[in-house]
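File shown here: entry.txt, holding compact mmCIF, C-alpha atoms.
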# COMPACT_ATOMS: atom_id res chain seq x y z
CA MET A 42 166.68 32.64 -52.95
CA LYS A 43 167.04 34.57 -56.19
CA CYS A 44 164.25 36.40 -57.98
CA ALA A 45 164.25 38.27 -61.29
CA ALA A 46 161.69 39.86 -63.61
CA TYR A 47 161.76 39.53 -67.40
CA ALA A 48 159.61 41.29 -69.98
CA SER A 49 158.67 40.02 -73.42
CA ASN A 50 155.74 39.69 -75.78
CA ALA A 51 154.65 36.13 -75.02
CA ALA A 52 152.82 35.90 -78.37
CA ASP A 53 156.11 36.56 -80.22
CA PHE A 54 157.99 33.30 -80.89
CA ALA A 55 161.47 34.86 -81.16
CA GLN A 56 161.07 37.01 -78.04
CA THR A 57 159.91 33.97 -76.09
CA GLU A 58 162.94 31.93 -77.15
CA GLU A 59 165.22 34.80 -76.06
CA VAL A 60 163.60 35.33 -72.65
CA VAL A 61 163.65 31.59 -71.88
CA LYS A 62 167.31 31.44 -72.88
CA LYS A 63 168.05 34.35 -70.53
CA VAL A 64 166.12 32.77 -67.62
CA HIS A 65 167.98 29.50 -68.15
CA GLU A 66 171.34 31.30 -68.22
CA ASP A 67 170.51 33.21 -65.03
CA PHE A 68 169.11 30.30 -63.01
CA GLY A 69 170.67 27.19 -64.58
CA SER A 70 167.38 25.29 -64.86
CA ILE A 71 163.71 25.74 -65.62
CA ASP A 72 161.62 23.47 -63.43
CA ILE A 73 158.17 25.05 -63.60
CA LEU A 74 156.34 26.84 -66.39
CA VAL A 75 153.00 28.52 -65.73
CA ASN A 76 151.31 29.77 -68.89
CA ASN A 77 149.10 32.54 -67.54
CA ALA A 78 148.95 35.21 -70.26
CA GLY A 79 145.34 36.00 -71.09
CA ILE A 80 143.03 38.62 -72.53
CA THR A 81 139.36 38.84 -73.49
CA LYS A 82 137.75 40.57 -76.46
CA ASP A 83 134.18 39.38 -76.06
CA GLY A 84 131.47 39.50 -78.67
CA LEU A 85 128.87 37.32 -80.31
CA MET A 86 130.27 35.14 -83.08
CA MET A 87 128.27 36.87 -85.82
CA ARG A 88 129.71 40.25 -84.78
CA MET A 89 133.21 39.16 -83.83
CA THR A 90 135.96 40.58 -85.97
CA GLU A 91 138.95 38.68 -87.23
CA ALA A 92 141.13 41.03 -85.17
CA GLN A 93 139.23 40.11 -81.96
CA TRP A 94 139.66 36.41 -82.74
CA ASP A 95 143.35 36.68 -83.64
CA ALA A 96 144.26 38.81 -80.62
CA VAL A 97 142.73 36.37 -78.10
CA ILE A 98 144.11 33.25 -79.78
CA GLY A 99 147.53 34.90 -80.13
CA VAL A 100 147.87 35.98 -76.51
CA ASN A 101 146.05 33.13 -74.80
CA LEU A 102 147.03 30.08 -76.86
CA LYS A 103 150.01 30.91 -79.08
CA SER A 104 151.92 32.30 -76.10
CA ALA A 105 151.53 28.94 -74.33
CA PHE A 106 152.84 27.13 -77.41
CA ASN A 107 155.78 29.54 -77.59
CA PHE A 108 156.82 29.02 -73.97
CA ILE A 109 156.29 25.25 -74.01
CA HIS A 110 158.31 25.04 -77.23
CA ALA A 111 161.15 27.04 -75.64
CA CYS A 112 161.12 25.30 -72.23
CA THR A 113 160.66 21.63 -73.10
CA PRO A 114 164.16 21.09 -74.55
CA ILE A 115 165.60 22.36 -71.25
CA MET A 116 163.20 20.25 -69.19
CA MET A 117 164.00 17.19 -71.33
CA ARG A 118 167.73 17.56 -70.61
CA GLN A 119 166.88 17.90 -66.89
CA ARG A 120 164.60 14.83 -67.10
CA GLY A 121 161.82 16.72 -65.33
CA GLY A 122 159.55 19.70 -65.09
CA SER A 123 156.00 20.82 -64.50
CA ILE A 124 153.97 22.75 -67.07
CA ILE A 125 150.76 24.39 -65.90
CA ASN A 126 148.34 26.01 -68.36
CA MET A 127 145.80 28.45 -66.96
CA ALA A 128 142.63 27.55 -68.80
CA SER A 129 139.07 28.40 -67.70
CA VAL A 130 135.75 26.74 -67.00
CA VAL A 131 134.71 28.53 -70.20
CA GLY A 132 137.21 26.31 -72.03
CA VAL A 133 135.44 23.26 -70.60
CA HIS A 134 131.81 24.37 -71.03
CA GLY A 135 131.85 27.24 -73.57
CA ASN A 136 130.13 30.57 -73.01
CA ALA A 137 127.92 32.70 -75.23
CA GLY A 138 129.70 35.84 -76.37
CA GLN A 139 133.13 34.39 -75.69
CA SER A 140 133.78 31.93 -78.51
CA ASN A 141 137.32 33.25 -79.06
CA TYR A 142 138.15 33.08 -75.35
CA ALA A 143 136.51 29.66 -74.93
CA ALA A 144 138.38 28.29 -77.95
CA SER A 145 141.69 29.61 -76.64
CA LYS A 146 141.13 28.09 -73.20
CA ALA A 147 139.93 24.76 -74.63
CA GLY A 148 143.12 24.81 -76.68
CA MET A 149 145.13 25.31 -73.49
CA ILE A 150 143.50 22.17 -72.06
CA ALA A 151 144.18 20.09 -75.18
CA LEU A 152 147.73 21.44 -75.34
CA ALA A 153 148.42 20.35 -71.75
CA LYS A 154 146.96 16.89 -72.39
CA SER A 155 148.99 16.44 -75.58
CA VAL A 156 152.24 17.66 -74.02
CA ALA A 157 151.64 15.32 -71.07
CA GLN A 158 151.48 12.38 -73.49
CA GLU A 159 154.48 13.50 -75.52
CA MET A 160 156.76 14.43 -72.64
CA GLY A 161 155.78 12.05 -69.84
CA SER A 162 158.56 9.59 -70.64
CA ARG A 163 161.01 12.45 -70.10
CA GLY A 164 159.68 13.18 -66.61
CA ILE A 165 157.76 16.27 -67.70
CA ARG A 166 154.23 16.72 -66.36
CA ALA A 167 151.64 19.01 -67.96
CA ASN A 168 148.28 19.95 -66.48
CA ALA A 169 145.65 22.65 -66.79
CA ILE A 170 143.80 24.64 -64.18
CA ALA A 171 140.29 25.79 -65.13
CA PRO A 172 139.31 28.66 -62.83
CA GLY A 173 135.70 29.70 -62.47
CA PHE A 174 134.74 33.22 -61.44
CA ILE A 175 137.67 34.66 -59.51
CA GLU A 176 137.51 38.01 -57.72
CA THR A 177 139.93 40.07 -59.83
CA ALA A 178 139.98 43.51 -61.43
CA MET A 179 138.48 41.92 -64.56
CA THR A 180 135.45 40.47 -62.74
CA ALA A 181 135.09 43.60 -60.56
CA ALA A 182 134.20 45.48 -63.76
CA LEU A 183 131.05 43.36 -64.18
CA SER A 184 127.68 44.89 -63.34
CA GLU A 185 126.09 44.10 -59.98
CA GLU A 186 123.27 42.25 -61.79
CA VAL A 187 125.74 39.98 -63.58
CA ARG A 188 127.63 39.36 -60.35
CA LYS A 189 124.40 38.35 -58.51
CA GLU A 190 123.48 35.87 -61.27
CA TRP A 191 126.99 34.54 -61.17
CA MET A 192 126.85 33.91 -57.43
CA LYS A 193 123.56 32.00 -57.78
CA ALA A 194 125.29 29.56 -60.18
CA ILE A 195 128.10 28.78 -57.71
CA PRO A 196 127.21 26.27 -54.98
CA LEU A 197 129.72 27.87 -52.58
CA ARG A 198 127.92 31.22 -53.23
CA ARG A 199 131.10 33.23 -53.64
CA GLY A 200 133.77 34.00 -56.16
CA GLY A 201 137.17 32.48 -55.77
CA LYS A 202 140.24 34.34 -54.64
CA PRO A 203 143.48 34.49 -56.62
CA GLU A 204 145.02 32.50 -53.75
CA ASP A 205 142.63 29.62 -54.53
CA ILE A 206 144.20 29.31 -57.96
CA ALA A 207 147.75 29.90 -56.68
CA ASN A 208 147.33 27.06 -54.17
CA VAL A 209 146.40 24.60 -56.92
CA ALA A 210 149.28 25.82 -59.11
CA THR A 211 151.69 25.41 -56.18
CA PHE A 212 150.42 21.87 -55.64
CA LEU A 213 150.76 20.94 -59.34
CA ALA A 214 154.27 22.41 -59.44
CA SER A 215 155.37 20.45 -56.37
CA ASP A 216 156.48 16.88 -55.84
CA LEU A 217 153.13 16.27 -54.11
CA ALA A 218 151.69 16.07 -57.64
CA SER A 219 154.46 13.87 -59.05
CA TYR A 220 151.96 11.33 -60.46
CA ILE A 221 149.48 13.85 -61.85
CA SER A 222 149.74 14.70 -65.52
CA GLY A 223 147.34 15.40 -68.38
CA GLN A 224 144.62 16.58 -66.01
CA VAL A 225 142.28 19.55 -65.82
CA ILE A 226 141.47 20.76 -62.33
CA GLN A 227 138.39 22.97 -62.16
CA VAL A 228 138.65 25.51 -59.35
CA ASP A 229 135.15 26.92 -59.53
CA GLY A 230 133.28 26.49 -56.25
CA GLY A 231 131.28 23.60 -57.72
CA MET A 232 129.85 25.68 -60.59
CA ASN A 233 128.09 23.89 -63.41
CA MET A 234 127.64 26.06 -66.46
What's the structure tokens form of this structure?
Amino acid sequence: MKCAAYASNAADFAQTEEVVKKVHEDFGSIDILVNNAGITKDGLMMRMTEAQWDAVIGVNLKSAFNFIHACTPIMMRQRGGSIINMASVVGVHGNAGQSNYAASKAGMIALAKSVAQEMGSRGIRANAIAPGFIETAMTAALSEEVRKEWMKAIPLRRGGKPEDIANVATFLASDLASYISGQVIQVDGGMNM
């Protein structure tokens, strides 16, 4: 098994085209694309700056467009592939103080659904995963009070683990999900926002 690491600015169209070209040259195919780049720059809409909006949309949504645009011609020639967009429950339900993040993640969902319709006849599947609160460095920075409120809203009474998301991504990337496309899978412990 071969493994390699590549660095690029995912929000830069030209860099994305170059890194995808290099991956394809090195491996000969691109079978799975996971769009996982994401940042937050939270703030209430009336106080949000254009720079906050643009940064989140650029990293979270434009990067997914860039990679899908670069990978789909390769996947079309292969007559197959799986595209997985990491969205968020915030993209499904919205969240006060995160309109830029919510919009970017809702865009990831709509992008997956649209690509699924456009590319299905070529054997390409596209889906989105909408994680809830996952125990990461980002959520560890939340106050204890916020974390307690958060746990009360989750029927399983715990945050998810990164492995919970990885397991769903592995499933969607595999042949076990060969008839699943255009879907959003919420991995959120049963949370209703």
(message) Residues near Ala157 in chain A, anyone? I mean within 8 Å using all atoms listed in the file, not counting same-chain ones fewer than 3 positions away, as an NGL selection string.
(response) :A and (153-154 or 160-161 or 165-168 or 222-223)
(message) I want to know what sits within 12 Å of Asn136 in chain A, based on all atoms listed in the file, with residues of the same chain fewer than 4 positions away left out; could you give that as a ChimeraX atom specification?
(response) /A:83-86,129-132,140-144,146-147,173,233-234
Would you mind exporting C-alpha atoms of the selected residues as a CSV table (one decimal), in the coordinates of the input?
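Produced file part-v4.csv, reproduced below:
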chain,number,residue,atom,x,y,z
A,83,ASP,CA,134.2,39.4,-76.1
A,84,GLY,CA,131.5,39.5,-78.7
A,85,LEU,CA,128.9,37.3,-80.3
A,86,MET,CA,130.3,35.1,-83.1
A,129,SER,CA,139.1,28.4,-67.7
A,130,VAL,CA,135.8,26.7,-67.0
A,131,VAL,CA,134.7,28.5,-70.2
A,132,GLY,CA,137.2,26.3,-72.0
A,140,SER,CA,133.8,31.9,-78.5
A,141,ASN,CA,137.3,33.2,-79.1
A,142,TYR,CA,138.2,33.1,-75.4
A,143,ALA,CA,136.5,29.7,-74.9
A,144,ALA,CA,138.4,28.3,-78.0
A,146,LYS,CA,141.1,28.1,-73.2
A,147,ALA,CA,139.9,24.8,-74.6
A,173,GLY,CA,135.7,29.7,-62.5
A,233,ASN,CA,128.1,23.9,-63.4
A,234,MET,CA,127.6,26.1,-66.5
Taking all atoms of range 182-190 of chain A that appear in the file, build a box with edges along x, y and z, extend it by 4 Å on every side, and state its centre and edge lengths in Å to one decimal, as AutoDock Vina command-line options.
--center_x 128.7 --center_y 40.7 --center_z -61.3 --size_x 18.9 --size_y 17.6 --size_z 13.7
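Among the candidate residues A:Met232, A:Leu197, A:Leu183, A:Val209, the one lying nearest to Met127 in chain A is A:Val209, with distances computed using all atoms listed in the file.
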Produce a table with one row for each residue of range 193-230 of chain A that has an atom at most 12 Å from any atom of range 108-125 of chain A, each row naming the nearest atom pair and its distance in Å at one decimal; use only C-alpha atoms; arrange rows by chain and rising residue number; format as a Markdown table.
| residue | atom | partner | partner_atom | distance |
| --- | --- | --- | --- | --- |
| A:Ile206 | CA | A:Ile125 | CA | 11.4 |
| A:Ala207 | CA | A:Ile125 | CA | 11.2 |
| A:Val209 | CA | A:Ile125 | CA | 10.0 |
| A:Ala210 | CA | A:Ile125 | CA | 7.1 |
| A:Thr211 | CA | A:Ile125 | CA | 9.8 |
| A:Phe212 | CA | A:Ser123 | CA | 10.5 |
| A:Leu213 | CA | A:Ser123 | CA | 7.4 |
| A:Ala214 | CA | A:Ser123 | CA | 5.6 |
| A:Ser215 | CA | A:Ser123 | CA | 8.2 |
| A:Asp216 | CA | A:Ser123 | CA | 9.5 |
| A:Leu217 | CA | A:Ser123 | CA | 11.7 |
| A:Ala218 | CA | A:Ser123 | CA | 9.4 |
| A:Ser219 | CA | A:Ser123 | CA | 9.0 |
| A:Tyr220 | CA | A:Ser123 | CA | 11.1 |
| A:Ile221 | CA | A:Ser123 | CA | 9.9 |
| A:Ser222 | CA | A:Ser123 | CA | 8.8 |
| A:Gly223 | CA | A:Ile125 | CA | 9.9 |
| A:Gln224 | CA | A:Ile125 | CA | 9.9 |
| A:Val225 | CA | A:Ile125 | CA | 9.8 |
| A:Ile226 | CA | A:Ile125 | CA | 10.6 |
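Our summary of the geometry notes that CA of Tyr47 in chain A is positioned 7.0 Å from CA of Val60 in chain A.
Atom pair CA of Pro203 in chain A / CA of Gly148 in chain A has a distance of 22.3 Å (rounded to one decimal).
Here the question is which of A:Glu185, A:Glu190, A:Asp53, A:Asp229 gets nearest to Leu102 in chain A using only C-alpha atoms, and that residue is A:Asp53.
Restricting the calculation to all atoms listed in the file, the smallest distance between Ser145 in chain A and any of A:Gly164, A:Gly231, A:Gly99, A:Gly200 is found for A:Gly99.
Between Ala52 in chain A and the residues A:Leu152, A:Ile195, A:Ala105, A:Ala128, the shortest atom-to-atom distance, using only C-alpha atoms, involves A:Ala105.
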(message) Just want the 10 Å neighbourhood of Thr177 in chain A, counted on all atoms listed in the file, with same-chain residues fewer than 3 positions away dropped. Output as a list in words.
(response) Phe174, Thr180, Ala181, Ala182, Gly200, Gly201, Lys202 and Pro203 of chain A
(request) Provide the CA of Lys63 in chain A to CA of Ala46 in chain A distance in Å, to one decimal place. (result) 10.9 Å
(request) Tell me which of A:Thr81, A:Gly138, A:Glu159, A:Ile175 sits closest to Trp191 in chain A, counting all atoms listed in the file. (result) A:Ile175
